[in-house]
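Okay, work.cif now, which holds mmCIF, C-alpha atoms:
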data_structure
loop_
_atom_site.group_PDB
_atom_site.id
_atom_site.type_symbol
_atom_site.label_atom_id
_atom_site.label_comp_id
_atom_site.auth_asym_id
_atom_site.auth_seq_id
_atom_site.Cartn_x
_atom_site.Cartn_y
_atom_site.Cartn_z
ATOM 1 C CA MET A 1 -12.032 60.427 -22.097
ATOM 2 C CA LYS A 2 -9.151 60.463 -24.576
ATOM 3 C CA ARG A 3 -8.465 64.109 -23.712
ATOM 4 C CA PHE A 4 -8.539 63.242 -20.003
ATOM 5 C CA PHE A 5 -5.926 60.492 -20.430
ATOM 6 C CA SER A 6 -3.778 62.795 -22.554
ATOM 7 C CA LEU A 7 -3.901 65.420 -19.797
ATOM 8 C CA LEU A 8 -3.116 62.768 -17.175
ATOM 9 C CA LEU A 9 -0.130 61.607 -19.207
ATOM 10 C CA ILE A 10 1.214 65.157 -19.514
ATOM 11 C CA VAL A 11 0.793 65.725 -15.768
ATOM 12 C CA SER A 12 2.536 62.416 -14.998
ATOM 13 C CA ILE A 13 5.471 63.223 -17.259
ATOM 14 C CA SER A 14 5.745 66.729 -15.843
ATOM 15 C CA THR A 15 5.682 65.401 -12.295
ATOM 16 C CA SER A 16 8.346 62.812 -13.094
ATOM 17 C CA LEU A 17 10.586 65.411 -14.683
ATOM 18 C CA ALA A 18 10.095 67.768 -11.755
ATOM 19 C CA PHE A 19 11.051 64.998 -9.343
ATOM 20 C CA ALA A 20 14.047 64.119 -11.474
ATOM 21 C CA ASP A 21 15.197 67.726 -11.429
ATOM 22 C CA ALA A 22 14.693 67.939 -7.661
ATOM 23 C CA TYR A 23 16.643 64.734 -7.106
ATOM 24 C CA ARG A 24 19.407 65.866 -9.429
ATOM 25 C CA GLU A 25 19.653 69.217 -7.683
ATOM 26 C CA ALA A 26 19.816 67.499 -4.283
ATOM 27 C CA LEU A 27 22.497 65.114 -5.551
ATOM 28 C CA VAL A 28 24.677 67.981 -6.797
ATOM 29 C CA LYS A 29 24.303 69.654 -3.394
ATOM 30 C CA TYR A 30 25.263 66.361 -1.759
ATOM 31 C CA VAL A 31 28.387 66.133 -3.922
ATOM 32 C CA ASN A 32 29.310 69.681 -2.952
ATOM 33 C CA GLY A 33 28.682 68.798 0.688
ATOM 34 C CA THR A 34 31.262 66.011 0.636
ATOM 35 C CA GLN A 35 34.050 68.552 0.412
ATOM 36 C CA ASP A 36 36.718 66.201 1.736
ATOM 37 C CA ASN A 37 36.077 63.783 -1.144
ATOM 38 C CA ILE A 38 36.164 66.655 -3.661
ATOM 39 C CA GLU A 39 39.491 67.872 -2.284
ATOM 40 C CA GLN A 40 40.965 64.386 -2.495
ATOM 41 C CA LEU A 41 39.783 63.957 -6.081
ATOM 42 C CA GLN A 42 41.128 67.344 -7.105
ATOM 43 C CA GLN A 43 44.487 66.478 -5.589
ATOM 44 C CA SER A 44 44.578 63.164 -7.474
ATOM 45 C CA LEU A 45 43.652 64.793 -10.770
ATOM 46 C CA GLY A 46 46.205 67.525 -10.082
ATOM 47 C CA PHE A 47 48.903 64.874 -10.071
ATOM 48 C CA ALA A 48 47.565 63.512 -13.367
ATOM 49 C CA MET A 49 47.528 66.980 -14.911
ATOM 50 C CA GLN A 50 51.147 67.568 -13.907
ATOM 51 C CA GLN A 51 52.115 64.345 -15.685
ATOM 52 C CA VAL A 52 50.347 65.509 -18.835
ATOM 53 C CA PHE A 53 51.801 69.035 -18.737
ATOM 54 C CA PRO A 54 55.137 68.711 -16.878
ATOM 55 C CA ASP A 55 56.549 71.875 -18.487
ATOM 56 C CA ASN A 56 53.645 74.123 -17.478
ATOM 57 C CA PRO A 57 52.463 73.204 -13.939
ATOM 58 C CA GLU A 58 50.978 76.656 -13.352
ATOM 59 C CA LYS A 59 48.667 76.320 -16.344
ATOM 60 C CA ALA A 60 47.731 72.777 -15.323
ATOM 61 C CA ALA A 61 46.793 74.004 -11.833
ATOM 62 C CA GLN A 62 44.822 76.922 -13.276
ATOM 63 C CA ILE A 63 42.844 74.667 -15.637
ATOM 64 C CA LEU A 64 42.122 72.140 -12.887
ATOM 65 C CA GLY A 65 40.998 74.832 -10.471
ATOM 66 C CA GLU A 66 38.636 76.278 -13.059
ATOM 67 C CA TYR A 67 37.205 72.841 -13.838
ATOM 68 C CA PHE A 68 36.504 72.064 -10.190
ATOM 69 C CA SER A 69 34.979 75.457 -9.485
ATOM 70 C CA THR A 70 32.623 75.373 -12.475
ATOM 71 C CA GLN A 71 31.917 71.841 -13.690
ATOM 72 C CA ALA A 72 33.280 69.002 -11.535
ATOM 73 C CA SER A 73 30.280 68.734 -9.191
ATOM 74 C CA GLU A 74 27.910 68.256 -12.116
ATOM 75 C CA ASP A 75 30.158 65.630 -13.671
ATOM 76 C CA ILE A 76 30.603 63.722 -10.421
ATOM 77 C CA ALA A 77 26.835 63.789 -9.936
ATOM 78 C CA ASP A 78 26.459 62.270 -13.428
ATOM 79 C CA ILE A 79 28.727 59.392 -12.415
ATOM 80 C CA TYR A 80 27.043 58.910 -9.033
ATOM 81 C CA GLU A 81 23.456 59.259 -10.203
ATOM 82 C CA PRO A 82 22.610 55.689 -11.376
ATOM 83 C CA SER A 83 23.883 54.112 -8.163
ATOM 84 C CA PHE A 84 22.352 56.793 -5.941
ATOM 85 C CA ARG A 85 18.944 56.524 -7.585
ATOM 86 C CA LYS A 86 19.047 52.794 -6.903
ATOM 87 C CA ASN A 87 20.076 53.094 -3.258
ATOM 88 C CA VAL A 88 19.273 56.575 -1.961
ATOM 89 C CA SER A 89 15.837 58.199 -1.911
ATOM 90 C CA GLN A 90 15.004 61.890 -2.221
ATOM 91 C CA GLU A 91 14.161 61.861 1.495
ATOM 92 C CA ASP A 92 17.565 60.324 2.274
ATOM 93 C CA LEU A 93 19.320 63.045 0.312
ATOM 94 C CA ASP A 94 17.314 65.735 2.077
ATOM 95 C CA GLN A 95 18.328 64.271 5.448
ATOM 96 C CA LEU A 96 21.976 64.211 4.419
ATOM 97 C CA LEU A 97 21.836 67.811 3.211
ATOM 98 C CA GLN A 98 20.296 68.844 6.515
ATOM 99 C CA MET A 99 23.095 67.067 8.351
ATOM 100 C CA TYR A 100 25.741 68.734 6.173
ATOM 101 C CA SER A 101 24.222 72.141 6.951
ATOM 102 C CA ASP A 102 25.098 71.682 10.639
ATOM 103 C CA PRO A 103 28.001 74.101 11.352
ATOM 104 C CA ARG A 104 29.697 71.460 13.497
ATOM 105 C CA TYR A 105 29.680 68.969 10.630
ATOM 106 C CA GLN A 106 30.797 71.630 8.167
ATOM 107 C CA GLU A 107 33.793 72.410 10.360
ATOM 108 C CA MET A 108 34.760 68.753 10.577
ATOM 109 C CA SER A 109 34.266 68.384 6.837
ATOM 110 C CA ARG A 110 36.605 71.324 6.329
ATOM 111 C CA ARG A 111 39.256 69.741 8.532
ATOM 112 C CA SER A 112 38.760 66.361 6.863
ATOM 113 C CA ALA A 113 39.203 67.983 3.449
ATOM 114 C CA GLN A 114 42.446 69.531 4.647
ATOM 115 C CA VAL A 115 43.646 66.164 5.952
ATOM 116 C CA MET A 116 42.952 64.492 2.605
ATOM 117 C CA ALA A 117 44.552 67.332 0.652
ATOM 118 C CA GLU A 118 47.731 67.018 2.710
ATOM 119 C CA LEU A 119 47.660 63.217 3.047
ATOM 120 C CA ALA A 120 50.380 62.419 0.535
ATOM 121 C CA GLN A 121 52.744 64.944 2.146
ATOM 122 C CA SER A 122 52.062 63.914 5.747
ATOM 123 C CA PRO A 123 54.775 62.196 7.836
ATOM 124 C CA GLU A 124 52.209 59.517 8.767
ATOM 125 C CA PHE A 125 51.691 58.618 5.103
ATOM 126 C CA ALA A 126 55.433 58.607 4.466
ATOM 127 C CA GLN A 127 55.845 56.213 7.390
ATOM 128 C CA PHE A 128 53.084 54.007 5.990
ATOM 129 C CA THR A 129 54.601 53.833 2.495
ATOM 130 C CA ASN A 130 58.049 53.039 3.897
ATOM 131 C CA GLN A 131 56.544 50.342 6.081
ATOM 132 C CA LEU A 132 54.608 48.964 3.116
ATOM 133 C CA THR A 133 57.739 48.772 0.973
ATOM 134 C CA SER A 134 59.505 46.781 3.687
ATOM 135 C CA ALA A 135 56.395 44.640 4.173
ATOM 136 C CA ILE A 136 56.207 43.697 0.479
ATOM 137 C CA GLN A 137 59.869 42.737 0.491
ATOM 138 C CA SER A 138 59.337 40.611 3.597
ATOM 139 C CA ILE A 139 56.197 38.955 2.231
ATOM 140 C CA THR A 140 57.929 38.139 -1.069
ATOM 141 C CA VAL A 141 60.549 36.044 0.732
ATOM 142 C CA GLY A 142 58.027 34.396 3.053
ATOM 143 C CA GLY A 143 58.579 36.633 6.066
ATOM 144 C CA THR A 144 56.110 38.220 8.469
ATOM 145 C CA PRO A 145 56.148 42.025 8.181
ATOM 146 C CA GLU A 146 55.959 44.370 11.147
ATOM 147 C CA PRO A 147 52.635 46.192 11.553
ATOM 148 C CA LEU A 148 52.429 49.964 11.320
ATOM 149 C CA PRO A 149 52.925 51.322 14.857
ATOM 150 C CA VAL A 150 50.305 53.456 16.569
ATOM 151 C CA SER A 151 51.530 56.952 17.446
ATOM 152 C CA ALA A 152 52.704 57.193 21.043
ATOM 153 C CA SER A 153 50.382 60.156 21.640
ATOM 154 C CA VAL A 154 47.228 58.115 20.922
ATOM 155 C CA THR A 155 45.442 57.002 24.084
ATOM 156 C CA ALA A 156 43.653 53.683 24.482
ATOM 157 C CA ASP A 157 40.291 55.463 24.805
ATOM 158 C CA TYR A 158 40.868 57.438 21.616
ATOM 159 C CA ARG A 159 41.938 54.329 19.741
ATOM 160 C CA GLN A 160 38.807 52.443 20.794
ATOM 161 C CA LEU A 161 36.554 55.354 19.835
ATOM 162 C CA PHE A 162 38.249 55.746 16.466
ATOM 163 C CA HIS A 163 37.834 52.024 15.824
ATOM 164 C CA SER A 164 34.077 52.462 16.329
ATOM 165 C CA PHE A 165 34.017 55.373 13.882
ATOM 166 C CA TYR A 166 36.166 53.523 11.325
ATOM 167 C CA ASN A 167 33.766 50.569 11.343
ATOM 168 C CA GLU A 168 30.563 52.622 11.512
ATOM 169 C CA ALA A 169 31.636 54.748 8.558
ATOM 170 C CA GLN A 170 32.674 51.613 6.629
ATOM 171 C CA ILE A 171 35.987 53.229 5.745
ATOM 172 C CA GLY A 172 37.903 49.961 5.661
ATOM 173 C CA GLU A 173 35.199 48.226 3.647
ATOM 174 C CA THR A 174 35.168 51.004 1.071
ATOM 175 C CA LEU A 175 38.950 51.186 0.797
ATOM 176 C CA ASN A 176 39.324 47.416 0.486
ATOM 177 C CA LYS A 177 37.159 47.477 -2.620
ATOM 178 C CA THR A 178 39.334 50.142 -4.196
ATOM 179 C CA TYR A 179 42.530 48.287 -3.273
ATOM 180 C CA THR A 180 41.583 45.099 -5.125
ATOM 181 C CA PRO A 181 42.437 46.308 -8.668
ATOM 182 C CA VAL A 182 45.757 47.682 -7.391
ATOM 183 C CA VAL A 183 46.647 44.327 -5.858
ATOM 184 C CA ASP A 184 45.684 42.658 -9.150
ATOM 185 C CA MET A 185 48.342 44.827 -10.780
ATOM 186 C CA ILE A 186 50.868 43.708 -8.140
ATOM 187 C CA GLU A 187 50.044 40.078 -8.898
ATOM 188 C CA SER A 188 50.438 40.676 -12.620
ATOM 189 C CA SER A 189 53.791 42.414 -12.128
ATOM 190 C CA LEU A 190 55.085 39.621 -9.900
ATOM 191 C CA SER A 191 53.956 36.972 -12.384
ATOM 192 C CA LYS A 192 55.696 38.739 -15.258
ATOM 193 C CA ALA A 193 58.846 38.934 -13.148
ATOM 194 C CA GLY A 194 58.745 35.160 -12.703
ATOM 195 C CA VAL A 195 57.919 35.275 -8.978
ATOM 196 C CA LYS A 196 56.345 32.055 -7.743
ATOM 197 C CA ASP A 197 53.077 32.140 -5.806
ATOM 198 C CA ALA A 198 52.353 35.625 -7.134
ATOM 199 C CA LYS A 199 48.651 35.323 -6.311
ATOM 200 C CA THR A 200 49.325 34.301 -2.710
ATOM 201 C CA ILE A 201 51.860 37.076 -2.260
ATOM 202 C CA ALA A 202 49.504 39.695 -3.716
ATOM 203 C CA SER A 203 46.702 38.477 -1.462
ATOM 204 C CA THR A 204 48.978 38.725 1.592
ATOM 205 C CA VAL A 205 49.963 42.254 0.567
ATOM 206 C CA LEU A 206 46.278 43.182 0.359
ATOM 207 C CA SER A 207 45.691 41.772 3.839
ATOM 208 C CA TYR A 208 48.626 43.779 5.169
ATOM 209 C CA ILE A 209 47.389 47.002 3.578
ATOM 210 C CA SER A 210 43.851 46.396 4.833
ATOM 211 C CA SER A 211 44.880 45.641 8.401
ATOM 212 C CA ASN A 212 47.210 48.644 8.642
ATOM 213 C CA THR A 213 45.115 51.310 6.920
ATOM 214 C CA GLU A 214 43.084 51.818 10.093
ATOM 215 C CA THR A 215 46.279 52.590 12.007
ATOM 216 C CA LEU A 216 47.318 55.053 9.285
ATOM 217 C CA PHE A 217 44.057 56.976 9.596
ATOM 218 C CA LEU A 218 44.107 56.683 13.388
ATOM 219 C CA ASN A 219 47.512 58.344 13.524
ATOM 220 C CA ILE A 220 46.381 61.119 11.169
ATOM 221 C CA TYR A 221 42.952 61.739 12.744
ATOM 222 C CA SER A 222 44.413 61.918 16.231
ATOM 223 C CA ASN A 223 46.208 65.116 15.177
ATOM 224 C CA VAL A 224 43.040 66.777 13.908
ATOM 225 C CA PHE A 225 39.915 65.399 15.629
ATOM 226 C CA THR A 226 39.042 65.260 19.313
ATOM 227 C CA GLN A 227 37.082 62.499 21.004
ATOM 228 C CA ASP A 228 34.010 64.770 20.978
ATOM 229 C CA ASP A 229 34.465 65.124 17.212
ATOM 230 C CA LEU A 230 34.581 61.347 16.841
ATOM 231 C CA HIS A 231 31.329 60.980 18.784
ATOM 232 C CA LEU A 232 29.628 63.339 16.317
ATOM 233 C CA LEU A 233 31.160 61.541 13.334
ATOM 234 C CA ILE A 234 29.940 58.199 14.675
ATOM 235 C CA GLU A 235 26.441 59.605 15.092
ATOM 236 C CA ALA A 236 26.448 60.919 11.517
ATOM 237 C CA SER A 237 27.874 57.693 10.084
ATOM 238 C CA ALA A 238 25.237 55.598 11.861
ATOM 239 C CA SER A 239 22.292 57.343 10.199
ATOM 240 C CA PRO A 240 20.352 55.118 7.752
ATOM 241 C CA ALA A 241 20.628 57.783 5.050
ATOM 242 C CA GLN A 242 24.411 57.885 5.374
ATOM 243 C CA LYS A 243 24.584 54.085 5.261
ATOM 244 C CA LYS A 244 22.697 54.100 1.960
ATOM 245 C CA ALA A 245 24.903 56.854 0.548
ATOM 246 C CA THR A 246 27.995 54.897 1.553
ATOM 247 C CA GLN A 247 26.658 51.810 -0.215
ATOM 248 C CA ALA A 248 25.955 53.834 -3.354
ATOM 249 C CA THR A 249 29.429 55.383 -3.270
ATOM 250 C CA GLN A 250 31.057 51.985 -2.825
ATOM 251 C CA GLU A 251 29.374 50.760 -5.994
ATOM 252 C CA VAL A 252 30.805 53.709 -7.912
ATOM 253 C CA VAL A 253 34.388 53.601 -6.627
ATOM 254 C CA THR A 254 34.835 49.808 -6.425
ATOM 255 C CA ASN A 255 37.259 50.011 -9.337
ATOM 256 C CA PRO A 256 39.318 53.219 -8.945
ATOM 257 C CA PHE A 257 40.577 52.965 -12.524
ATOM 258 C CA THR A 258 37.028 52.896 -13.885
ATOM 259 C CA PHE A 259 35.980 55.816 -11.719
ATOM 260 C CA ALA A 260 39.096 57.791 -12.641
ATOM 261 C CA ALA A 261 38.510 57.095 -16.340
ATOM 262 C CA ALA A 262 34.904 58.245 -15.996
ATOM 263 C CA ILE A 263 35.769 61.577 -14.394
ATOM 264 C CA LEU A 264 38.704 62.121 -16.772
ATOM 265 C CA THR A 265 36.407 61.447 -19.732
ATOM 266 C CA LYS A 266 34.081 64.133 -18.380
ATOM 267 C CA MET A 267 36.997 66.492 -17.964
ATOM 268 C CA SER A 268 38.161 65.733 -21.493
ATOM 269 C CA SER A 269 34.811 66.913 -22.859
ATOM 270 C CA TRP A 270 35.130 70.086 -20.804
ATOM 271 C CA LEU A 271 38.646 70.666 -22.124
ATOM 272 C CA GLN A 272 37.451 70.265 -25.712
ATOM 273 C CA SER A 273 35.075 73.185 -25.148
ATOM 274 C CA HIS A 274 37.237 75.434 -22.976
ATOM 275 C CA TYR A 275 40.885 74.550 -23.695
ATOM 276 C CA PRO A 276 40.977 72.578 -26.968
ATOM 277 C CA ASP A 277 44.753 73.042 -27.328
ATOM 278 C CA TYR A 278 45.237 70.986 -24.158
ATOM 279 C CA ALA A 279 42.692 68.297 -24.952
ATOM 280 C CA GLU A 280 44.852 66.114 -27.237
ATOM 281 C CA PRO A 281 47.719 65.336 -24.807
ATOM 282 C CA PHE A 282 45.161 64.873 -22.031
ATOM 283 C CA ASP A 283 43.254 62.342 -24.141
ATOM 284 C CA LYS A 284 46.425 60.334 -24.756
ATOM 285 C CA SER A 285 46.902 59.911 -21.010
ATOM 286 C CA LEU A 286 43.244 59.000 -20.671
ATOM 287 C CA GLN A 287 43.606 56.254 -23.268
ATOM 288 C CA GLU A 288 46.496 54.760 -21.295
ATOM 289 C CA LEU A 289 44.378 54.747 -18.132
ATOM 290 C CA GLN A 290 41.453 53.110 -19.943
ATOM 291 C CA LYS A 291 43.728 50.169 -20.822
ATOM 292 C CA LEU A 292 44.011 49.416 -17.076
ATOM 293 C CA GLN A 293 40.265 48.915 -16.593
#

Just give me the structure as structure tokens.
Amino acid sequence: MKRFFSLLLIVSISTSLAFADAYREALVKYVNGTQDNIEQLQQSLGFAMQQVFPDNPEKAAQILGEYFSTQASEDIADIYEPSFRKNVSQEDLDQLLQMYSDPRYQEMSRRSAQVMAELAQSPEFAQFTNQLTSAIQSITVGGTPEPLPVSASVTADYRQLFHSFYNEAQIGETLNKTYTPVVDMIESSLSKAGVKDAKTIASTVLSYISSNTETLFLNIYSNVFTQDDLHLLIEASASPAQKKATQATQEVVTNPFTFAAAILTKMSSWLQSHYPDYAEPFDKSLQELQKLQ
């Protein structure tokens, strides 16, 4: 009997480890499947690398490219894994991977990745940041800022369809959670500057950003995605598996500073092994970021 229970225990452990490996493998594939998110993260870290190595941008780009092509997916999966295991089943991941294997979805993911990679340089984003600057100035003196205008080329039907996609995909909900720490910084800066009602002003700024982000993405998406594309994106976003994955992702990225520190800590370990001469200045920047958490 003792031998039987020992054998049962070994089988149970082996089965658990096999399932863990299968889940982990599926999660890494999922991370690789969300190419638009990977592109956006690489762009953000590229900016950070340029700040660390301003005199050698070519080397910074080369190091970052190597990291993302060899290690980033594993590291992102490490960060995602606790939340995904809580919210997303193996079956859910398998369904998502099947969806991502659809050539139509892959094409839209490719275009979405391109949009995110070029976001900061787009005229729509420049318009948004200019409008936001004016809005903050207006809000600070008690005024009512003008909303971001919808591009003249956007039809009413397209706008309504995009609104459905924006809500179904929970884009606004996810972004609002990442905005909160940034607005906290605005409040702190205003308070230090002696501005009265800093909390109210910061809250109003958050409301302005939240209510105008949809228009920003509407203007950008209208240049890249057709109404047929939006129908497919709505269908994908409405799947229960995608809803769970979105919830898990929201838990991870709620505080962008914490998430950024986590991925930069992973990258720091990679640098120690592959480019130790660059690890020290990188770690100094990481320590500054960790103070913002």

Tell me which residues come within 12 Å of (54.1, 51.6, 0.4), as an MDAnalysis selection string, counting all atoms listed in the file in the file's coordinates. chainID A and resid 120 124:137 148 205:206 208:209 212:213 216

Non-local contacts of A:Ala61 (8 Å; all atoms listed in the file; under 4 positions in same chain excluded) as a PyMOL selection string: chain A and resi 46+49+57+65

Taking (32.3, 53.8, 11.3) in the file's coordinates, which residues come within 12 Å, counting all atoms listed in the file, written as an MDAnalysis selection string? chainID A and resid 160:174 214 230:239 242:243 246

What residues come out when you apply the PyMOL selection byres ((chain A and resi 95-101) around 7) to this file, written as JSON, numbers by chain? {"A": [30, 33, 91, 92, 93, 94, 102, 103, 105, 106, 241, 242]}

Write out, as a compact mmCIF listing (two decimals), in the coordinates of the input, the residues just selected, with C-alpha atoms.
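Contents of selection.txt, as written:
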# COMPACT_ATOMS: atom_id res chain seq x y z
CA TYR A 30 25.26 66.36 -1.76
CA GLY A 33 28.68 68.80 0.69
CA GLU A 91 14.16 61.86 1.50
CA ASP A 92 17.57 60.32 2.27
CA LEU A 93 19.32 63.04 0.31
CA ASP A 94 17.31 65.74 2.08
CA ASP A 102 25.10 71.68 10.64
CA PRO A 103 28.00 74.10 11.35
CA TYR A 105 29.68 68.97 10.63
CA GLN A 106 30.80 71.63 8.17
CA ALA A 241 20.63 57.78 5.05
CA GLN A 242 24.41 57.88 5.37

Enumerate, as a PDB file with C-alpha atoms, in the coordinates of the input, the residues matched when the PyMOL selection byres ((chain A and resi 179-186) around 9) is run on the file above.
ATOM      1  CA  THR A 174      35.168  51.004   1.071  1.00  0.00           C
ATOM      2  CA  LEU A 175      38.950  51.186   0.797  1.00  0.00           C
ATOM      3  CA  ASN A 176      39.324  47.416   0.486  1.00  0.00           C
ATOM      4  CA  LYS A 177      37.159  47.477  -2.620  1.00  0.00           C
ATOM      5  CA  THR A 178      39.334  50.142  -4.196  1.00  0.00           C
ATOM      6  CA  GLU A 187      50.044  40.078  -8.898  1.00  0.00           C
ATOM      7  CA  SER A 188      50.438  40.676 -12.620  1.00  0.00           C
ATOM      8  CA  SER A 189      53.791  42.414 -12.128  1.00  0.00           C
ATOM      9  CA  LEU A 190      55.085  39.621  -9.900  1.00  0.00           C
ATOM     10  CA  SER A 191      53.956  36.972 -12.384  1.00  0.00           C
ATOM     11  CA  ALA A 198      52.353  35.625  -7.134  1.00  0.00           C
ATOM     12  CA  LYS A 199      48.651  35.323  -6.311  1.00  0.00           C
ATOM     13  CA  ILE A 201      51.860  37.076  -2.260  1.00  0.00           C
ATOM     14  CA  ALA A 202      49.504  39.695  -3.716  1.00  0.00           C
ATOM     15  CA  SER A 203      46.702  38.477  -1.462  1.00  0.00           C
ATOM     16  CA  VAL A 205      49.963  42.254   0.567  1.00  0.00           C
ATOM     17  CA  LEU A 206      46.278  43.182   0.359  1.00  0.00           C
ATOM     18  CA  ILE A 209      47.389  47.002   3.578  1.00  0.00           C
ATOM     19  CA  SER A 210      43.851  46.396   4.833  1.00  0.00           C
ATOM     20  CA  THR A 254      34.835  49.808  -6.425  1.00  0.00           C
ATOM     21  CA  ASN A 255      37.259  50.011  -9.337  1.00  0.00           C
ATOM     22  CA  PRO A 256      39.318  53.219  -8.945  1.00  0.00           C
ATOM     23  CA  PHE A 257      40.577  52.965 -12.524  1.00  0.00           C
ATOM     24  CA  LEU A 292      44.011  49.416 -17.076  1.00  0.00           C
ATOM     25  CA  GLN A 293      40.265  48.915 -16.593  1.00  0.00           C
TER      26      GLN A 293
END

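One distance worth recording is that between atom CA of A:Pro240 and atom CA of A:Tyr80, which is 18.5 Å.
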
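When all atoms listed in the file are used to measure the gap to A:Ala72, the shortest distance among A:Ala60, A:Leu271, A:Gln250, A:Thr258 belongs to A:Leu271.
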
Excluding A:Val115 and its own-chain neighbours fewer than 3 positions away, which residues fall within 10 Å of it when counting all atoms listed in the file? Please give them as an mmCIF file with C-alpha atoms, keeping the file's coordinate frame.
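Final output, selection.cif:
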data_model
loop_
_atom_site.group_PDB
_atom_site.id
_atom_site.type_symbol
_atom_site.label_atom_id
_atom_site.label_comp_id
_atom_site.auth_asym_id
_atom_site.auth_seq_id
_atom_site.Cartn_x
_atom_site.Cartn_y
_atom_site.Cartn_z
ATOM 1 C CA ASP A 36 36.718 66.201 1.736
ATOM 2 C CA GLU A 39 39.491 67.872 -2.284
ATOM 3 C CA GLN A 40 40.965 64.386 -2.495
ATOM 4 C CA SER A 109 34.266 68.384 6.837
ATOM 5 C CA ARG A 110 36.605 71.324 6.329
ATOM 6 C CA ARG A 111 39.256 69.741 8.532
ATOM 7 C CA SER A 112 38.760 66.361 6.863
ATOM 8 C CA GLU A 118 47.731 67.018 2.710
ATOM 9 C CA LEU A 119 47.660 63.217 3.047
ATOM 10 C CA ALA A 120 50.380 62.419 0.535
ATOM 11 C CA GLN A 121 52.744 64.944 2.146
ATOM 12 C CA SER A 122 52.062 63.914 5.747
ATOM 13 C CA PHE A 217 44.057 56.976 9.596
ATOM 14 C CA ILE A 220 46.381 61.119 11.169
ATOM 15 C CA TYR A 221 42.952 61.739 12.744
ATOM 16 C CA ASN A 223 46.208 65.116 15.177
ATOM 17 C CA VAL A 224 43.040 66.777 13.908
#

Nearest residue to A:Leu218 out of A:Met267, A:Ala152, A:Ala279, A:Val253, using all atoms listed in the file? A:Ala152
